[in-house]
>>> print(open('start.cif').read())   # mmCIF, C-alpha atoms
data_entry
#
loop_
_atom_site.label_atom_id
_atom_site.label_comp_id
_atom_site.auth_asym_id
_atom_site.auth_seq_id
_atom_site.Cartn_x
_atom_site.Cartn_y
_atom_site.Cartn_z
CA HIS A 1 -35.73 16.25 30.43
CA TYR A 2 -34.59 14.07 27.59
CA GLU A 3 -35.57 10.59 26.56
CA TYR A 4 -33.80 7.80 24.75
CA ASP A 5 -34.92 7.47 21.13
CA LEU A 6 -36.44 4.01 20.89
CA THR A 7 -36.95 4.48 17.15
CA TYR A 8 -33.14 4.58 16.75
CA GLU A 9 -33.41 7.37 14.19
CA LYS A 10 -31.95 10.37 16.07
CA TYR A 11 -28.17 10.47 16.48
CA THR A 12 -27.16 14.13 16.80
CA SER A 13 -26.93 16.84 19.44
CA TYR A 14 -29.30 18.97 17.39
CA GLU A 15 -31.99 16.29 17.46
CA LEU A 16 -31.57 15.74 21.20
CA LEU A 17 -31.84 19.44 22.00
CA THR A 18 -34.67 20.26 19.58
CA THR A 19 -36.83 17.17 19.93
CA GLY A 20 -35.85 15.99 23.42
CA SER A 21 -34.86 12.58 22.17
CA SER A 22 -31.79 10.80 20.79
CA VAL A 23 -29.81 7.60 21.02
CA CYS A 24 -26.55 7.47 23.00
CA ALA A 25 -24.57 9.28 20.31
CA GLY A 26 -26.66 12.40 20.74
CA TYR A 27 -26.22 12.33 24.51
CA ALA A 28 -22.46 11.89 24.23
CA LEU A 29 -21.98 14.55 21.54
CA THR A 30 -24.10 17.06 23.45
CA TYR A 31 -22.12 16.50 26.62
CA MET A 32 -18.85 16.88 24.70
CA GLU A 33 -20.04 20.18 23.24
CA LEU A 34 -20.80 21.50 26.72
CA LEU A 35 -17.34 20.45 27.85
CA ARG A 36 -15.74 22.10 24.82
CA ARG A 37 -17.37 25.40 25.71
CA VAL A 38 -15.67 25.40 29.11
CA ASP A 39 -12.33 24.15 27.74
CA ILE A 40 -12.47 20.66 29.26
CA PRO A 41 -10.94 18.03 26.94
CA SER A 42 -13.11 15.07 25.99
CA ALA A 43 -13.13 12.15 23.57
CA TYR A 44 -15.78 9.97 21.93
CA VAL A 45 -15.74 6.23 22.61
CA VAL A 46 -17.76 3.53 20.88
CA SER A 47 -18.48 -0.13 21.43
CA GLU A 48 -19.77 -2.24 18.58
CA PRO A 49 -20.55 -5.24 20.84
CA MET A 50 -22.72 -2.95 23.00
CA ASP A 51 -23.95 -0.80 20.09
CA HIS A 52 -23.22 2.11 22.39
CA ALA A 53 -21.19 5.32 22.76
CA TRP A 54 -20.00 7.45 25.66
CA CYS A 55 -17.31 10.03 26.55
CA LEU A 56 -13.90 10.25 28.08
CA VAL A 57 -13.21 13.41 30.09
CA GLN A 58 -9.78 14.72 31.09
CA ILE A 59 -9.31 16.18 34.55
CA GLY A 60 -5.92 16.82 36.07
CA GLY A 61 -4.09 15.08 33.23
CA GLU A 62 -6.02 11.82 33.61
CA TRP A 63 -9.02 10.51 31.70
CA TYR A 64 -12.32 9.27 33.14
CA HIS A 65 -15.40 7.60 31.67
CA VAL A 66 -18.75 9.42 31.53
CA ASP A 67 -21.88 7.76 30.21
CA ALA A 68 -24.49 10.50 30.06
CA THR A 69 -27.05 8.17 28.48
CA TRP A 70 -27.00 5.53 31.18
CA ASP A 71 -26.83 8.09 33.99
CA ALA A 72 -29.91 9.80 32.55
CA SER A 73 -31.73 6.48 32.74
CA TRP A 74 -30.53 5.81 36.28
CA LYS A 75 -31.61 9.31 37.36
CA GLN A 76 -35.16 8.51 36.32
CA ALA A 77 -34.92 5.58 38.72
CA GLY A 78 -33.68 7.85 41.51
CA LEU A 79 -29.98 6.98 41.20
CA ASP A 80 -27.43 9.56 40.05
CA TYR A 81 -23.88 9.47 38.74
CA ASN A 82 -23.34 5.71 38.59
CA TYR A 83 -21.34 6.22 35.38
CA PHE A 84 -19.88 9.67 36.00
CA LEU A 85 -16.08 10.17 36.06
CA ARG A 86 -15.28 6.51 36.58
CA CYS A 87 -11.99 4.69 36.16
CA ASP A 88 -11.75 1.53 34.04
CA ASP A 89 -12.20 -0.86 36.97
CA ASN A 90 -15.38 0.83 38.20
CA PHE A 91 -17.01 1.50 34.84
CA GLU A 92 -19.21 -1.54 35.01
CA ARG A 93 -20.90 -3.31 32.06
CA HIS A 94 -18.94 -1.38 29.42
CA THR A 95 -16.66 -2.89 26.79
CA ARG A 96 -14.63 -0.65 24.48
CA ASP A 97 -13.80 -1.57 20.89
CA GLU A 98 -10.33 -3.04 20.36
CA GLY A 99 -8.96 0.24 19.01
CA PHE A 100 -9.83 1.96 22.27
CA ASN A 101 -7.71 -0.54 24.19
CA ALA A 102 -4.63 -0.38 21.96
CA PRO A 103 -1.29 0.86 23.36
CA GLU A 104 -1.53 3.94 21.17
CA PHE A 105 -4.89 4.81 22.69
CA HIS A 106 -3.63 4.43 26.26
CA ALA A 107 -0.59 6.55 25.42
CA ALA A 108 -2.82 9.34 24.15
CA TYR A 109 -5.48 8.93 26.85
CA PRO A 110 -3.86 7.79 30.12
CA MET A 111 -6.77 6.46 32.15
CA ALA A 112 -7.15 7.25 35.83
CA THR A 113 -6.66 4.33 38.21
CA ALA A 114 -9.40 5.51 40.58
CA ASP A 115 -12.71 7.33 40.27
CA TYR A 116 -12.57 11.11 40.33
CA VAL A 117 -13.13 12.65 43.77
CA PRO A 118 -14.01 16.33 43.65
CA SER A 119 -12.54 18.84 46.06
CA ILE A 120 -14.13 21.74 47.89
CA ALA A 121 -10.91 23.73 47.69
CA ASN A 122 -7.21 23.29 47.05
CA GLY A 123 -3.95 25.20 46.80
CA THR A 124 -0.28 25.21 47.75
CA CYS A 125 1.24 25.10 51.24
CA GLY A 126 4.95 24.91 50.46
CA ILE A 127 7.36 25.06 47.55
CA ASP A 128 6.44 21.55 46.42
CA LEU A 129 3.42 20.84 48.64
CA SER A 130 -0.28 21.09 47.91
CA TRP A 131 -3.44 20.79 49.97
CA THR A 132 -6.90 19.53 49.04
CA LEU A 133 -10.09 19.62 51.08
CA HIS A 134 -12.56 16.91 50.04
CA PRO A 135 -16.35 16.95 50.50
CA ASP A 136 -16.11 14.35 53.28
CA GLY A 137 -14.07 16.83 55.35
CA THR A 138 -10.66 15.25 54.76
CA LEU A 139 -7.78 17.71 54.41
CA ASN A 140 -5.00 16.07 52.41
CA ILE A 141 -1.43 17.39 52.34
CA SER A 142 0.81 15.91 49.64
CA GLY A 143 4.04 16.52 47.77
CA ASN A 144 7.66 16.73 48.87
CA GLY A 145 9.46 18.86 51.43
CA ALA A 146 8.55 21.19 54.26
CA MET A 147 5.27 22.99 54.75
CA ALA A 148 5.18 26.76 54.95
CA ASP A 149 4.98 28.44 58.37
CA TYR A 150 1.94 30.49 59.35
CA ALA A 151 1.84 33.43 61.75
CA ASN A 152 -1.35 32.43 63.57
CA ARG A 153 -4.32 30.09 63.52
CA THR A 154 -6.13 32.06 60.79
CA ALA A 155 -3.19 32.48 58.40
CA MET A 156 -3.13 29.03 56.78
CA PRO A 157 -5.05 28.91 53.48
CA TRP A 158 -7.62 26.38 54.72
CA SER A 159 -8.50 28.36 57.89
CA ILE A 160 -11.86 29.50 56.50
CA TYR A 161 -12.85 25.84 56.15
CA GLY A 162 -11.86 24.92 59.72
CA LYS A 163 -15.38 23.93 60.79
CA SER A 164 -15.70 21.67 57.74
CA ILE A 165 -12.46 19.76 58.36
CA THR A 166 -13.03 16.42 60.09
CA SER A 167 -9.69 14.72 59.43
CA ALA A 168 -6.21 15.51 58.18
CA VAL A 169 -3.98 13.17 56.18
CA ILE A 170 -0.28 13.87 55.68
CA GLU A 171 1.11 11.96 52.71
CA LYS A 172 4.56 10.43 52.43
CA GLY A 173 7.05 13.02 51.26
CA VAL A 174 6.02 15.78 53.65
CA THR A 175 9.03 16.40 55.92
CA ARG A 176 7.82 19.17 58.20
CA ILE A 177 4.53 20.60 59.45
CA GLY A 178 4.46 24.41 59.38
CA ASN A 179 3.73 26.55 62.43
CA TYR A 180 0.01 26.82 63.20
CA ALA A 181 -0.84 24.59 60.23
CA PHE A 182 -3.26 22.53 62.33
CA SER A 183 -4.24 25.01 65.01
CA PHE A 184 -7.87 24.12 64.21
CA TYR A 185 -7.15 20.58 65.47
CA SER A 186 -9.45 19.52 68.31
CA SER A 187 -10.97 16.44 69.85
CA ASP A 188 -13.59 16.57 67.06
CA THR A 189 -10.93 16.26 64.35
CA SER A 190 -9.39 12.86 63.63
CA SER A 191 -5.95 12.75 62.10
CA SER A 192 -3.50 10.31 60.61
CA TYR A 193 -0.74 12.66 61.73
CA PRO A 194 1.82 11.78 62.83
CA SER A 195 1.69 8.17 64.09
CA THR A 196 -0.13 6.54 61.18
CA ALA A 197 0.87 8.96 58.45
CA PRO A 198 3.19 7.57 55.75
CA GLY A 199 5.84 10.01 56.95
CA GLY A 200 5.61 8.55 60.44
CA SER A 201 7.81 9.90 63.19
CA ASP A 202 10.22 11.37 60.62
CA VAL A 203 7.86 14.33 60.16
CA GLU A 204 8.97 17.35 62.20
CA VAL A 205 6.15 18.76 64.33
CA ASP A 206 7.49 22.12 65.51
CA GLY A 207 4.53 24.46 66.14
CA GLY A 208 2.15 22.83 63.70
CA PHE A 209 -0.68 22.53 66.21
CA GLY A 210 -0.32 26.11 67.42
CA SER A 211 -1.52 27.03 70.86
CA ARG A 212 -4.03 24.15 71.03
CA GLY A 213 -1.44 21.42 71.18
CA LYS A 214 -1.99 17.85 69.98
CA ASN A 215 -4.57 16.71 72.55
#
>>> encode(input="start.cif", output="C-alpha cells")
Amino acid sequence: HYEYDLTYEKYTSYELLTTGSSVCAGYALTYMELLRRVDIPSAYVVSEPMDHAWCLVQIGGEWYHVDATWDASWKQAGLDYNYFLRCDDNFERHTRDEGFNAPEFHAAYPMATADYVPSIANGTCGIDLSWTLHPDGTLNISGNGAMADYANRTAMPWSIYGKSITSAVIEKGVTRIGNYAFSFYSSDTSSSYPSTAPGGSDVEVDGGFGSRGKN
C-alpha cells in the first residue's frame, strides 16, 4: 500500500518503505533491491522527457521493461500488470533517453522481441529438446532432433499435468516424437501436430500417441 509522492521530495527506497510514499525512483529502486535479493539481474532506466524512471529485468538472457510505479497506479484502478515484463513494442507511452537506445546499450541489454510469458513447468525431453507448459494449457516442444522415448503414458515428464494440457505445439526442428509422448491426447486436446506443425509430415510419429492413437 504505497502512494506516489506528489510533493516530489522522496526519491529513495528507504523513504518509500518507511513513509509509504515516493516518486518513481523509489519504486524502481525498491523493486530492483527485491530482485537483487533473489539473484535476478536488473537495470535502472530514466527518461528526461518523461521525468520518469523504471526497471529492466533479465529473464532467460533477454531483458524486459517493468514500470512498478505505473502498475501500482493501474492496480488502484483495478488493472494489473499493464507495464510488467513488456518488450519494447508493447511498452506503451514510454520514451528512453538517447543513451538507453545507443548500440552499446542494446549490446549490453538485448531486449526481448515479445512480452514475457510465464510457464507452469518446463524441462528437457531429448538431447537438444525442451518442453514448456504455459498457463493457457499449451505444451510447447522446441529444439533440434528426436524426442526421448517413454515406457508408458505416465513416464513423460509432463504426465502429471495431463489434465491441464489443452493443446500441443511441435516447433520446427523436432524430427521425431518419442513413444507415449502424447498418450494423454484425446478429443479434448487440440494439437498442431503433425499437419500444421512447422515440422510437417517430416516428423516421425512412431508410438508418440501410445495406446490412444491419434483420434
>>> atom_distance(input="start.cif", atom1="CA of Ala114 in chain A", atom2="CA of Leu85 in chain A")
9.3 Å
>>> resolve_selection(input="start.cif", expression="the PyMOL selection byres ((chain A and resi 87-97) around 6)", output="NGL selection string")
:A and (47 or 64 or 86 or 98-100 or 112-115)
>>> resolve_selection(input="start.cif", expression="the PyMOL selection byres ((chain A and resi 25) around 8)", output="compact mmCIF listing (two decimals) with C-alpha atoms, keeping the file's coordinate frame")
# COMPACT_ATOMS: atom_id res chain seq x y z
CA TYR A 11 -28.17 10.47 16.48
CA THR A 12 -27.16 14.13 16.80
CA SER A 13 -26.93 16.84 19.44
CA SER A 22 -31.79 10.80 20.79
CA VAL A 23 -29.81 7.60 21.02
CA CYS A 24 -26.55 7.47 23.00
CA GLY A 26 -26.66 12.40 20.74
CA TYR A 27 -26.22 12.33 24.51
CA ALA A 28 -22.46 11.89 24.23
CA LEU A 29 -21.98 14.55 21.54
CA HIS A 52 -23.22 2.11 22.39
CA ALA A 53 -21.19 5.32 22.76
CA TRP A 54 -20.00 7.45 25.66
>>> residues_around(input="start.cif", residues="range 128-142 of chain A", least_positions_apart="3", cutoff="10 Å", atoms="only C-alpha atoms", output="NGL selection string")
:A and (117-125 or 145-148 or 157-158 or 161-174 or 177 or 189-191)
>>> atom_distance(input="start.cif", atom1="CA of Asn144 in chain A", atom2="CA of His106 in chain A")
28.1 Å
>>> closest_residue(input="start.cif", among="A:Ile160, A:Ala151, A:Ala43, A:Leu34", to="Tyr180 in chain A", atoms="only C-alpha atoms")
A:Ala151
>>> closest_residue(input="start.cif", among="A:Val38, A:Tyr44, A:Glu62, A:Gly126", to="Ala107 in chain A", atoms="all atoms listed in the file")
A:Glu62
>>> closest_residue(input="start.cif", among="A:Pro103, A:Glu33, A:Tyr116, A:Tyr8", to="Tyr81 in chain A", atoms="all atoms listed in the file")
A:Tyr116
>>> residues_around(input="start.cif", residues="Thr19 in chain A", least_positions_apart="5", cutoff="10 Å", atoms="all atoms listed in the file", output="number ranges by chain")
A: 2-3, 5, 10, 13-14
>>> atom_distance(input="start.cif", atom1="CA of Ala72 in chain A", atom2="CA of Leu17 in chain A")
14.4 Å
>>> residues_near_point(input="start.cif", point="(-11.6, 18.2, 27.0)", cutoff="9 Å", atoms="all atoms listed in the file", output="PyMOL selection string")
chain A and resi 32+35-36+38-43+56-59
